[in-house]
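Q: Quick one: the structure is below, questions incoming.
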2 protein chains.
Amino acid sequence: MELGTVFDTPPALLADRFKTLRYDEAERAVIVLDRRKYPFQTEYVALRTVEEVAQAIENMTVQGGPPLAYVAGLGLALAARDLDGSLTQAVVSLEQAARRLLATRPTADDLKMVVPAALERALNALRGGGDPHRAALDYVNGEIQRGNEVSRKCGQFAARLVNDGDQILTHCIAGAALCWMLWTAKQQGKTVTLVGCETRPYFQGARLTAASAREMDIEFKLITDGMSAHLMSTGRIDKFICAADRVTMDGHITNKIGTLTHAIAAHHFGKPFYVLGYDGPDPATATGADIPIEERSPDEIFFARGEAGTVRTAIHGIGGYYPAFDITPPHLISAIVTDKGIFAPHAVREYFSVSMA
Amino acid sequence: MELGTVFDTPPALLADRFKTLRYDEAERAVIVLDRRKYPFQTEYVALRTVEEVAQAIENMTVQGGPPLAYVAGLGLALAARDLDGSLTQAVVSLEQAARRLLATRPTADDLKMVVPAALERALNALRGGGDPHRAALDYVNGEIQRGNEVSRKCGQFAARLVNDGDQILTHCIAGAALCWMLWTAKQQGKTVTLVGCETRPYFQGARLTAASAREMDIEFKLITDGMSAHLMSTGRIDKFICAADRVTMDGHITNKIGTLTHAIAAHHFGKPFYVLGYDGPDPATATGADIPIEERSPDEIFFARGEAGTVRTAIHGIGGYYPAFDITPPHLISAIVTDKGIFAPHAVREYFSVSMA
């Protein structure tokens with residue numbers, strides 16, 4: 001497989017616009033789209049060290065569960081390229097890099113899978129006299145390709161739940177599965193309106209989701225994060241569909257802060273809430289209480305996006321809370337959609353008993 | 001009574017800081033604090049014509065149900081100052097001014113009361129050979145004084161519902177009653193934390209409510225509008241208390257968009273939701289369906305506050321919805337607090353049967 005694989009590929013015709021991350025052989029760097037600026041500015045950042053990769057994840061240059069996991073995996077490949085000294089020193093150095101990368105985002109599920117696996121591939125290569133850099137890189141690129149396939153299938157299953165004329169609420173970034181869902185529904189002749197929450201404090205909805213919808217020529221209505229209940233009560237939202245950063249074995253999900261608020265409102269008004277669960281629940285996470293919620297600095301909610309992200313919107317001399325994610329329990333979820341089909345949330349562990357027809 | 005009465009007076013010691021509106025005899029103008037800039041900049045705007053007053057209400061220079069009603073009433077007094085021509089012409093001119101002022105904010109309850117009453121006073125004076133300007137002014141200043149008294153009593157009753165250690169969610173501006181509630185609770189030795197939603201798109205919570213809390217030395221935690229459900233689920237919000245732009249005779253309330261979302265979440269998690277209902281329900285509004293919801297231009301949600309309110313946070317080429325208010329039904333409200341005491345929402349019309357002890 002060629003290096004420089006594209007992740008986050010929505011409909012094929014749009015693929016060129018979505019080169020959100022890749023490893024560049026000539027540059028010897030991980031190249032990522034700066035998600036804090038896109039689509040106002042399309043800027044790519046070259047990350048050349050493990051520390052640069054870790055900081056790009058922490059400071060939101062890279063966003064979204066799978067993309068940040070792949071970037072972290074490529075970060076480990078970076079570490080495996082520049083090894084010197086004894087085998088013992090190399091092992092210590094790789095393990096250090098893995099710890100640094102794993103510490104970036106405690107809530108991320110894919111990160112916990114990709115980084116240890118990339119580490120294992122590199123260590124095995126190292127011990128067997130192979131090329132640890134190439135081993136880690138091949139593994140991550142394979143995961144990216146697998147992820148694209150999972151997104152496509154998950155989105156295609158989700159399109160079965162979309163009706164012509166639907167007004168679909170979503171929250172935070174429209175990931176690859178949501179784009180595939182919208183695109184597939186459109187190909188099936190269904191006209192939908194995507195109602196996107198702006199998603200404070202980073203405005204992912206107003207920027208990234210809105211841009212995806214615009215690219216696909218899907219009607220997009222921006223709302224602020226507090227409007228969902230009212231729009232459900234007045235018939236302007238028919239269903240709520242979003243992705244999850246993690247699905248637990250008993251059907252809890254975690255996603256960007258605000259998701260729980262919409263889920264409770266949808267339940268109150270009898271509107272379905274479908275979760276795009278990609279490749280199913282995390283076998284290592286039994287229930288919602290096992291998901292650590294990342295508490296970010298409240299400083300980040302004192303500002304809105306400005307020319308350089310520096311426009312203050314809050315006064316000085318106050319505190320704040322910034323839990324970056326929330327947890328929605330299975331009784332508030334109507335279905336969890338995966339690459340293997342559509343599951344009842346309380347029975348989502350059936351994912352592991354199903355094989356594709 | 002002296003002209004230039006101060007409205008929105010929280011605790012006495014803070015009164016000087018809260019001169020949010022007044023009629024200035026020497027300036028021959030209505031002077032208002034520009035709520036779009038406060039507290040980043042403390043700027044007063046002089047409004048000299050009915051049209052200037054109407055625009056100040058429409059463009060959010062003046063905010064909050066009672067203040068904008070008083071400003072509109074003072075606007076009518078302005079119109080009544082500059083009358084010339086025949087009595088018939090004067091009447092037409094005053095009625096025109098009233099229509100313009102009433103058209104500014106369809107959801108506002110107090111506006112519908114103050115402007116017609118000020119008009120009536122002016123017309124009566126005109127027909128009886130009196131001074132219509134003075135008649136309208138005296139009436140509005142009387143209403144401001146009455147409003148201050150209502151706020152104080154409502155806040156004092158609400159303080160009975162506050163416990164030591166409470167973490168109280170609020171939404172949008174902390175009006176006079178909420179300030180009186182917090183201040184009274186504090187005098188009673190209760191320590192509370194106010195958790196304020198930033199309230200997109202105008203950030204009233206991050207600016208105005210935060211400033212009121214800081215002035216009173218009440219601990220303040222800022223959150224984004226989507227965080228309330230999560231914080232209730234994790235024990236960081238004990239109750240939800242906010243004001244209402246209107247209370248209906250059957251216990252529905254309307255308030256800033258987002259209120260319904262928090263109310264549904266509070267109900268889901270069994271947290272009380274208390275509404276500060278000032279001087280009770282509006283006898284002219286039977287139920288929620290009778291409240292018109294102001295739909296503002298979606299352009300306003302494409303921006304965040306910048307140096308001049310011009311920092312764009314959304315991409316171009318998309319649509320949006322901006323209903324400025326929502327309606328919460330009585331079954332989601334735990335109690336409606338007024339200047340006459342604490343009422344069960346479904347029985348809030350009892351307000352008119354109660355006299356003060």
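Residues are named by chain letter and number: chains run A, B, ... in the order of the structure tokens, numbers start at 1 in each chain, and ligands are numbered from 1 in the order shown.
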Select, as a tab-separated table (two decimals) with C-alpha atoms, in the first residue's frame, those residues of chain B with any atom no more than 6 Å from chain A (distances computed using only C-alpha atoms).

A:
chain	number	residue	atom	x	y	z
B	206	ALA	CA	-20.29	35.35	30.00
B	207	ARG	CA	-20.53	39.13	30.24
B	220	PHE	CA	-19.25	32.09	39.26
B	221	LYS	CA	-18.56	29.17	36.91
B	222	LEU	CA	-19.03	29.80	33.21
B	223	ILE	CA	-20.21	26.96	30.98
B	225	ASP	CA	-24.94	26.24	26.58
B	226	GLY	CA	-24.62	22.50	25.93
B	227	MET	CA	-23.02	21.50	29.25
B	229	ALA	CA	-27.16	18.07	31.34
B	230	HIS	CA	-23.69	16.65	31.88
B	258	GLY	CA	-31.92	27.43	25.54
B	261	THR	CA	-33.19	22.52	26.92
B	306	GLY	CA	-15.26	40.67	18.53
B	311	VAL	CA	-15.68	38.04	14.19
B	314	ALA	CA	-19.42	30.23	10.68
B	315	ILE	CA	-18.54	29.63	7.07
B	318	ILE	CA	-25.12	28.17	4.71
B	319	GLY	CA	-28.48	28.89	6.33
B	320	GLY	CA	-29.48	29.00	9.97
B	321	TYR	CA	-32.29	29.31	12.47
B	326	ASP	CA	-38.42	29.19	23.65

Q: Cα-based RMSD, chain B fitted onto chain A, all atoms paired in sequence order: value?

A: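 Least-squares fit of chain B onto chain A, C-alpha RMSD 0.0 Å.
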
Q: Excluding same-chain residues fewer than 2 positions from Ala69 of chain A, what lies within 6 Å of it counting only C-alpha atoms, as a list of chain:residue names?

A: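 What passes the distance filter is A:Pro66, A:Pro67, A:Val71, A:Ala72, A:Asp110, A:Leu111.
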
Q: Just the residues within 9 Å of Pro116 of chain A, please, counting only C-alpha atoms, with nothing from its chain fewer than 5 positions along; format it as number ranges by chain.

A: A: 73, 98, 102, 111, 121

Q: Atom CA of Lys239 of chain B and atom CA of Pro292 of chain B, how far apart in Å?

A: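 Atom CA of Lys239 of chain B lies at a distance of 27.8 Å from atom CA of Pro292 of chain B.
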
Q: Going by DSSP on the backbone, which bits of segment 45-176 of chain B are alpha helix (DSSP H)? Write them as a PyMOL selection string, please.

A: chain B and resi 50-58+65-81+87-102+109-127+132-159+176

Q: Can you write just those residues out, C-alpha atoms, as a PDB file, in the first residue's frame?

A:
ATOM      1  CA  VAL B  50     -38.584  57.316  18.792  1.00  0.00           C
ATOM      2  CA  GLU B  51     -36.767  55.685  15.886  1.00  0.00           C
ATOM      3  CA  GLU B  52     -33.472  55.704  17.795  1.00  0.00           C
ATOM      4  CA  VAL B  53     -35.206  54.116  20.768  1.00  0.00           C
ATOM      5  CA  ALA B  54     -36.841  51.457  18.584  1.00  0.00           C
ATOM      6  CA  GLN B  55     -33.565  50.599  16.917  1.00  0.00           C
ATOM      7  CA  ALA B  56     -31.746  50.388  20.259  1.00  0.00           C
ATOM      8  CA  ILE B  57     -34.276  47.734  21.294  1.00  0.00           C
ATOM      9  CA  GLU B  58     -34.030  45.863  17.998  1.00  0.00           C
ATOM     10  CA  GLY B  65     -37.929  42.298  29.417  1.00  0.00           C
ATOM     11  CA  PRO B  66     -38.572  45.141  31.895  1.00  0.00           C
ATOM     12  CA  PRO B  67     -35.657  47.406  30.877  1.00  0.00           C
ATOM     13  CA  LEU B  68     -36.636  47.393  27.239  1.00  0.00           C
ATOM     14  CA  ALA B  69     -40.259  48.095  28.160  1.00  0.00           C
ATOM     15  CA  TYR B  70     -39.190  51.104  30.230  1.00  0.00           C
ATOM     16  CA  VAL B  71     -36.954  52.372  27.441  1.00  0.00           C
ATOM     17  CA  ALA B  72     -39.868  52.009  25.013  1.00  0.00           C
ATOM     18  CA  GLY B  73     -42.087  53.898  27.480  1.00  0.00           C
ATOM     19  CA  LEU B  74     -39.502  56.680  27.693  1.00  0.00           C
ATOM     20  CA  GLY B  75     -39.451  56.604  23.888  1.00  0.00           C
ATOM     21  CA  LEU B  76     -43.141  57.413  23.956  1.00  0.00           C
ATOM     22  CA  ALA B  77     -42.429  60.253  26.369  1.00  0.00           C
ATOM     23  CA  LEU B  78     -39.911  61.566  23.813  1.00  0.00           C
ATOM     24  CA  ALA B  79     -42.619  61.510  21.141  1.00  0.00           C
ATOM     25  CA  ALA B  80     -44.972  63.349  23.501  1.00  0.00           C
ATOM     26  CA  ARG B  81     -42.408  66.118  24.056  1.00  0.00           C
ATOM     27  CA  LEU B  87     -54.762  67.737  18.470  1.00  0.00           C
ATOM     28  CA  THR B  88     -55.687  65.218  15.777  1.00  0.00           C
ATOM     29  CA  GLN B  89     -52.188  65.364  14.342  1.00  0.00           C
ATOM     30  CA  ALA B  90     -50.703  64.936  17.812  1.00  0.00           C
ATOM     31  CA  VAL B  91     -52.860  61.886  18.484  1.00  0.00           C
ATOM     32  CA  VAL B  92     -51.890  60.310  15.149  1.00  0.00           C
ATOM     33  CA  SER B  93     -48.254  61.051  15.843  1.00  0.00           C
ATOM     34  CA  LEU B  94     -48.371  59.474  19.325  1.00  0.00           C
ATOM     35  CA  GLU B  95     -50.221  56.403  18.061  1.00  0.00           C
ATOM     36  CA  GLN B  96     -47.667  56.000  15.293  1.00  0.00           C
ATOM     37  CA  ALA B  97     -44.848  56.166  17.847  1.00  0.00           C
ATOM     38  CA  ALA B  98     -46.562  53.535  19.994  1.00  0.00           C
ATOM     39  CA  ARG B  99     -46.969  51.173  17.024  1.00  0.00           C
ATOM     40  CA  ARG B 100     -43.313  51.551  16.078  1.00  0.00           C
ATOM     41  CA  LEU B 101     -42.203  50.822  19.658  1.00  0.00           C
ATOM     42  CA  LEU B 102     -44.540  47.842  20.056  1.00  0.00           C
ATOM     43  CA  ASP B 109     -44.618  40.963  27.731  1.00  0.00           C
ATOM     44  CA  ASP B 110     -43.826  44.132  29.698  1.00  0.00           C
ATOM     45  CA  LEU B 111     -43.511  46.082  26.468  1.00  0.00           C
ATOM     46  CA  LYS B 112     -47.159  45.293  25.659  1.00  0.00           C
ATOM     47  CA  MET B 113     -48.175  46.716  29.013  1.00  0.00           C
ATOM     48  CA  VAL B 114     -45.973  49.802  29.364  1.00  0.00           C
ATOM     49  CA  VAL B 115     -46.262  51.328  25.889  1.00  0.00           C
ATOM     50  CA  PRO B 116     -50.082  51.353  25.632  1.00  0.00           C
ATOM     51  CA  ALA B 117     -50.351  52.655  29.222  1.00  0.00           C
ATOM     52  CA  ALA B 118     -47.834  55.436  28.551  1.00  0.00           C
ATOM     53  CA  LEU B 119     -49.772  56.263  25.380  1.00  0.00           C
ATOM     54  CA  GLU B 120     -53.014  56.439  27.339  1.00  0.00           C
ATOM     55  CA  ARG B 121     -51.488  58.794  29.934  1.00  0.00           C
ATOM     56  CA  ALA B 122     -50.119  61.048  27.209  1.00  0.00           C
ATOM     57  CA  LEU B 123     -53.418  61.101  25.280  1.00  0.00           C
ATOM     58  CA  ASN B 124     -55.399  61.865  28.433  1.00  0.00           C
ATOM     59  CA  ALA B 125     -53.078  64.736  29.300  1.00  0.00           C
ATOM     60  CA  LEU B 126     -53.260  66.011  25.750  1.00  0.00           C
ATOM     61  CA  ARG B 127     -57.049  65.971  25.719  1.00  0.00           C
ATOM     62  CA  PRO B 132     -48.366  64.729  27.680  1.00  0.00           C
ATOM     63  CA  HIS B 133     -44.571  64.453  27.974  1.00  0.00           C
ATOM     64  CA  ARG B 134     -44.673  64.841  31.772  1.00  0.00           C
ATOM     65  CA  ALA B 135     -47.634  62.459  32.050  1.00  0.00           C
ATOM     66  CA  ALA B 136     -45.867  59.685  30.116  1.00  0.00           C
ATOM     67  CA  LEU B 137     -42.610  60.298  31.978  1.00  0.00           C
ATOM     68  CA  ASP B 138     -44.246  60.227  35.414  1.00  0.00           C
ATOM     69  CA  TYR B 139     -46.019  57.009  34.511  1.00  0.00           C
ATOM     70  CA  VAL B 140     -42.846  55.256  33.274  1.00  0.00           C
ATOM     71  CA  ASN B 141     -40.811  56.435  36.267  1.00  0.00           C
ATOM     72  CA  GLY B 142     -43.550  55.105  38.531  1.00  0.00           C
ATOM     73  CA  GLU B 143     -43.384  51.775  36.726  1.00  0.00           C
ATOM     74  CA  ILE B 144     -39.611  51.684  37.152  1.00  0.00           C
ATOM     75  CA  GLN B 145     -39.988  52.245  40.881  1.00  0.00           C
ATOM     76  CA  ARG B 146     -42.740  49.633  41.099  1.00  0.00           C
ATOM     77  CA  GLY B 147     -40.556  47.244  39.085  1.00  0.00           C
ATOM     78  CA  ASN B 148     -37.676  47.683  41.511  1.00  0.00           C
ATOM     79  CA  GLU B 149     -39.972  46.793  44.389  1.00  0.00           C
ATOM     80  CA  VAL B 150     -41.341  43.745  42.545  1.00  0.00           C
ATOM     81  CA  SER B 151     -37.776  42.549  41.806  1.00  0.00           C
ATOM     82  CA  ARG B 152     -36.730  42.877  45.424  1.00  0.00           C
ATOM     83  CA  LYS B 153     -39.710  40.963  46.786  1.00  0.00           C
ATOM     84  CA  CYS B 154     -39.513  38.268  44.108  1.00  0.00           C
ATOM     85  CA  GLY B 155     -35.795  37.775  44.832  1.00  0.00           C
ATOM     86  CA  GLN B 156     -36.424  37.604  48.571  1.00  0.00           C
ATOM     87  CA  PHE B 157     -39.040  34.869  48.120  1.00  0.00           C
ATOM     88  CA  ALA B 158     -36.709  32.985  45.780  1.00  0.00           C
ATOM     89  CA  ALA B 159     -33.952  33.089  48.404  1.00  0.00           C
ATOM     90  CA  ALA B 176     -32.732  42.227  39.231  1.00  0.00           C
TER      91      ALA B 176
END

Q: As a ChimeraX atom specification, please: all residues of segment 221-303 of chain B that backbone DSSP puts in strand (DSSP E).

A: /B:221-223,239-243,246-247,253-256,273-276,303

Q: Could you write out that same residue set with all heavy atoms as a compact mmCIF listing (two decimals), in the first residue's frame?

A:
# COMPACT_ATOMS: atom_id res chain seq x y z
N LYS B 221 -19.18 30.12 37.84
CA LYS B 221 -18.56 29.17 36.91
C LYS B 221 -19.24 29.30 35.56
O LYS B 221 -20.45 29.04 35.43
CB LYS B 221 -18.76 27.73 37.43
CG LYS B 221 -18.05 27.44 38.74
CD LYS B 221 -16.56 27.31 38.54
CE LYS B 221 -15.89 26.80 39.82
NZ LYS B 221 -14.41 26.81 39.67
N LEU B 222 -18.48 29.68 34.56
CA LEU B 222 -19.03 29.80 33.21
C LEU B 222 -19.05 28.44 32.53
O LEU B 222 -18.11 27.65 32.68
CB LEU B 222 -18.17 30.76 32.39
CG LEU B 222 -18.69 31.07 30.99
CD1 LEU B 222 -19.99 31.87 31.05
CD2 LEU B 222 -17.64 31.82 30.16
N ILE B 223 -20.15 28.17 31.81
CA ILE B 223 -20.21 26.96 30.98
C ILE B 223 -20.77 27.33 29.61
O ILE B 223 -21.38 28.39 29.46
CB ILE B 223 -21.08 25.84 31.62
CG1 ILE B 223 -22.55 26.27 31.76
CG2 ILE B 223 -20.52 25.43 32.97
CD1 ILE B 223 -23.50 25.15 32.16
N LYS B 239 -29.78 22.95 41.07
CA LYS B 239 -31.07 23.47 40.66
C LYS B 239 -30.86 24.48 39.54
O LYS B 239 -29.74 24.96 39.32
CB LYS B 239 -31.83 24.09 41.83
CG LYS B 239 -31.07 25.08 42.65
CD LYS B 239 -31.75 25.38 44.00
CE LYS B 239 -31.89 24.17 44.91
NZ LYS B 239 -32.22 24.51 46.32
N PHE B 240 -31.93 24.76 38.85
CA PHE B 240 -31.91 25.68 37.71
C PHE B 240 -32.88 26.81 38.04
O PHE B 240 -34.05 26.56 38.36
CB PHE B 240 -32.33 24.93 36.45
CG PHE B 240 -32.55 25.77 35.21
CD1 PHE B 240 -31.79 26.91 34.96
CD2 PHE B 240 -33.49 25.38 34.26
CE1 PHE B 240 -31.99 27.67 33.81
CE2 PHE B 240 -33.70 26.13 33.11
CZ PHE B 240 -32.95 27.27 32.89
N ILE B 241 -32.42 28.04 38.02
CA ILE B 241 -33.26 29.20 38.34
C ILE B 241 -33.02 30.28 37.30
O ILE B 241 -31.87 30.67 37.08
CB ILE B 241 -32.95 29.76 39.75
CG1 ILE B 241 -33.07 28.66 40.82
CG2 ILE B 241 -33.90 30.93 40.08
CD1 ILE B 241 -32.75 29.12 42.24
N CYS B 242 -34.07 30.74 36.66
CA CYS B 242 -33.91 31.86 35.73
C CYS B 242 -35.20 32.67 35.69
O CYS B 242 -36.21 32.29 36.28
CB CYS B 242 -33.54 31.36 34.33
SG CYS B 242 -34.87 30.50 33.48
N ALA B 243 -35.15 33.78 35.01
CA ALA B 243 -36.31 34.65 34.89
C ALA B 243 -37.16 34.21 33.70
O ALA B 243 -36.86 33.20 33.06
CB ALA B 243 -35.86 36.10 34.71
N ARG B 246 -42.18 36.11 29.91
CA ARG B 246 -43.62 36.12 30.10
C ARG B 246 -44.04 34.83 30.79
O ARG B 246 -43.47 33.77 30.53
CB ARG B 246 -44.35 36.26 28.76
CG ARG B 246 -45.79 36.70 28.91
CD ARG B 246 -46.57 36.70 27.61
NE ARG B 246 -46.00 37.52 26.56
CZ ARG B 246 -46.64 37.80 25.41
NH1 ARG B 246 -47.87 37.36 25.21
NH2 ARG B 246 -46.05 38.52 24.47
N VAL B 247 -45.01 34.92 31.70
CA VAL B 247 -45.64 33.75 32.31
C VAL B 247 -47.10 33.76 31.87
O VAL B 247 -47.76 34.80 31.92
CB VAL B 247 -45.56 33.82 33.86
CG1 VAL B 247 -46.30 32.64 34.49
CG2 VAL B 247 -44.11 33.88 34.33
N ILE B 253 -43.96 29.32 30.44
CA ILE B 253 -43.11 30.51 30.49
C ILE B 253 -42.33 30.61 29.19
O ILE B 253 -42.06 29.60 28.54
CB ILE B 253 -42.11 30.49 31.67
CG1 ILE B 253 -41.08 29.35 31.50
CG2 ILE B 253 -42.81 30.36 33.00
CD1 ILE B 253 -39.66 29.81 31.52
N THR B 254 -41.98 31.82 28.83
CA THR B 254 -41.05 32.00 27.71
C THR B 254 -39.83 32.73 28.24
O THR B 254 -39.92 33.58 29.12
CB THR B 254 -41.70 32.77 26.53
OG1 THR B 254 -40.77 32.77 25.44
CG2 THR B 254 -42.02 34.20 26.88
N ASN B 255 -38.69 32.30 27.74
CA ASN B 255 -37.43 32.92 28.15
C ASN B 255 -36.43 32.70 27.02
O ASN B 255 -36.73 32.05 26.02
CB ASN B 255 -36.94 32.28 29.47
CG ASN B 255 -35.82 33.06 30.12
OD1 ASN B 255 -35.88 34.29 30.21
ND2 ASN B 255 -34.78 32.38 30.56
N LYS B 256 -35.25 33.27 27.19
CA LYS B 256 -34.19 33.20 26.17
C LYS B 256 -34.02 31.77 25.64
O LYS B 256 -34.04 30.81 26.40
CB LYS B 256 -32.88 33.66 26.81
CG LYS B 256 -31.66 33.65 25.92
CD LYS B 256 -31.74 34.61 24.77
CE LYS B 256 -32.00 36.02 25.23
NZ LYS B 256 -32.25 36.97 24.15
N PHE B 273 -36.51 23.22 38.93
CA PHE B 273 -36.39 24.39 38.05
C PHE B 273 -37.36 25.45 38.56
O PHE B 273 -38.57 25.29 38.51
CB PHE B 273 -36.73 23.99 36.60
CG PHE B 273 -36.84 25.17 35.65
CD1 PHE B 273 -36.08 26.32 35.82
CD2 PHE B 273 -37.71 25.11 34.55
CE1 PHE B 273 -36.19 27.40 34.94
CE2 PHE B 273 -37.82 26.19 33.67
CZ PHE B 273 -37.07 27.33 33.87
N TYR B 274 -36.80 26.54 39.10
CA TYR B 274 -37.61 27.63 39.62
C TYR B 274 -37.56 28.81 38.65
O TYR B 274 -36.48 29.19 38.19
CB TYR B 274 -37.09 28.09 40.98
CG TYR B 274 -37.07 26.98 42.02
CD1 TYR B 274 -35.91 26.68 42.73
CD2 TYR B 274 -38.22 26.23 42.29
CE1 TYR B 274 -35.89 25.67 43.68
CE2 TYR B 274 -38.20 25.20 43.23
CZ TYR B 274 -37.04 24.93 43.92
OH TYR B 274 -37.02 23.92 44.85
N VAL B 275 -38.71 29.38 38.38
CA VAL B 275 -38.80 30.53 37.48
C VAL B 275 -39.09 31.79 38.29
O VAL B 275 -40.00 31.79 39.14
CB VAL B 275 -39.91 30.31 36.43
CG1 VAL B 275 -40.14 31.59 35.61
CG2 VAL B 275 -39.54 29.15 35.51
N LEU B 276 -38.33 32.83 38.05
CA LEU B 276 -38.58 34.12 38.70
C LEU B 276 -39.62 34.86 37.87
O LEU B 276 -39.32 35.36 36.79
CB LEU B 276 -37.27 34.91 38.80
CG LEU B 276 -36.16 34.15 39.55
CD1 LEU B 276 -34.84 34.92 39.50
CD2 LEU B 276 -36.57 33.90 40.99
N PHE B 303 -21.79 34.97 13.89
CA PHE B 303 -20.72 35.81 14.43
C PHE B 303 -20.59 35.62 15.94
O PHE B 303 -21.55 35.28 16.62
CB PHE B 303 -21.02 37.29 14.17
CG PHE B 303 -20.96 37.65 12.71
CD1 PHE B 303 -22.06 37.50 11.90
CD2 PHE B 303 -19.77 38.10 12.16
CE1 PHE B 303 -22.00 37.81 10.54
CE2 PHE B 303 -19.70 38.41 10.81
CZ PHE B 303 -20.81 38.26 10.00

Q: Residues at most 7 Å from segment 350-357 of chain A, counting only C-alpha atoms, excluding those fewer than 3 positions away in the same chain, as a list in words?

A: Gly280, Lys340 and Ala347 of chain A

Q: I need the residues from that last selection saved to file as a PDB file, in the first residue's frame (with all heavy atoms), if you can.

A:
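again26.pdb was written with the following content:
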ATOM      1  N   GLY A 280     -18.248  -0.726  16.252  1.00  0.00           N
ATOM      2  CA  GLY A 280     -18.854  -1.343  17.424  1.00  0.00           C
ATOM      3  C   GLY A 280     -18.297  -0.931  18.762  1.00  0.00           C
ATOM      4  O   GLY A 280     -17.463  -0.019  18.852  1.00  0.00           O
ATOM      5  N   LYS A 340     -21.459  -3.341  10.739  1.00  0.00           N
ATOM      6  CA  LYS A 340     -22.093  -4.652  10.605  1.00  0.00           C
ATOM      7  C   LYS A 340     -23.615  -4.569  10.695  1.00  0.00           C
ATOM      8  O   LYS A 340     -24.294  -5.588  10.769  1.00  0.00           O
ATOM      9  CB  LYS A 340     -21.601  -5.583  11.711  1.00  0.00           C
ATOM     10  CG  LYS A 340     -20.175  -6.100  11.527  1.00  0.00           C
ATOM     11  CD  LYS A 340     -19.951  -7.170  12.586  1.00  0.00           C
ATOM     12  CE  LYS A 340     -18.536  -7.677  12.625  1.00  0.00           C
ATOM     13  NZ  LYS A 340     -18.402  -8.659  13.744  1.00  0.00           N
ATOM     14  N   ALA A 347     -28.247  -4.056  23.522  1.00  0.00           N
ATOM     15  CA  ALA A 347     -27.730  -5.331  23.017  1.00  0.00           C
ATOM     16  C   ALA A 347     -26.596  -5.112  22.023  1.00  0.00           C
ATOM     17  O   ALA A 347     -26.339  -5.955  21.169  1.00  0.00           O
ATOM     18  CB  ALA A 347     -28.868  -6.114  22.364  1.00  0.00           C
TER      19      ALA A 347
END
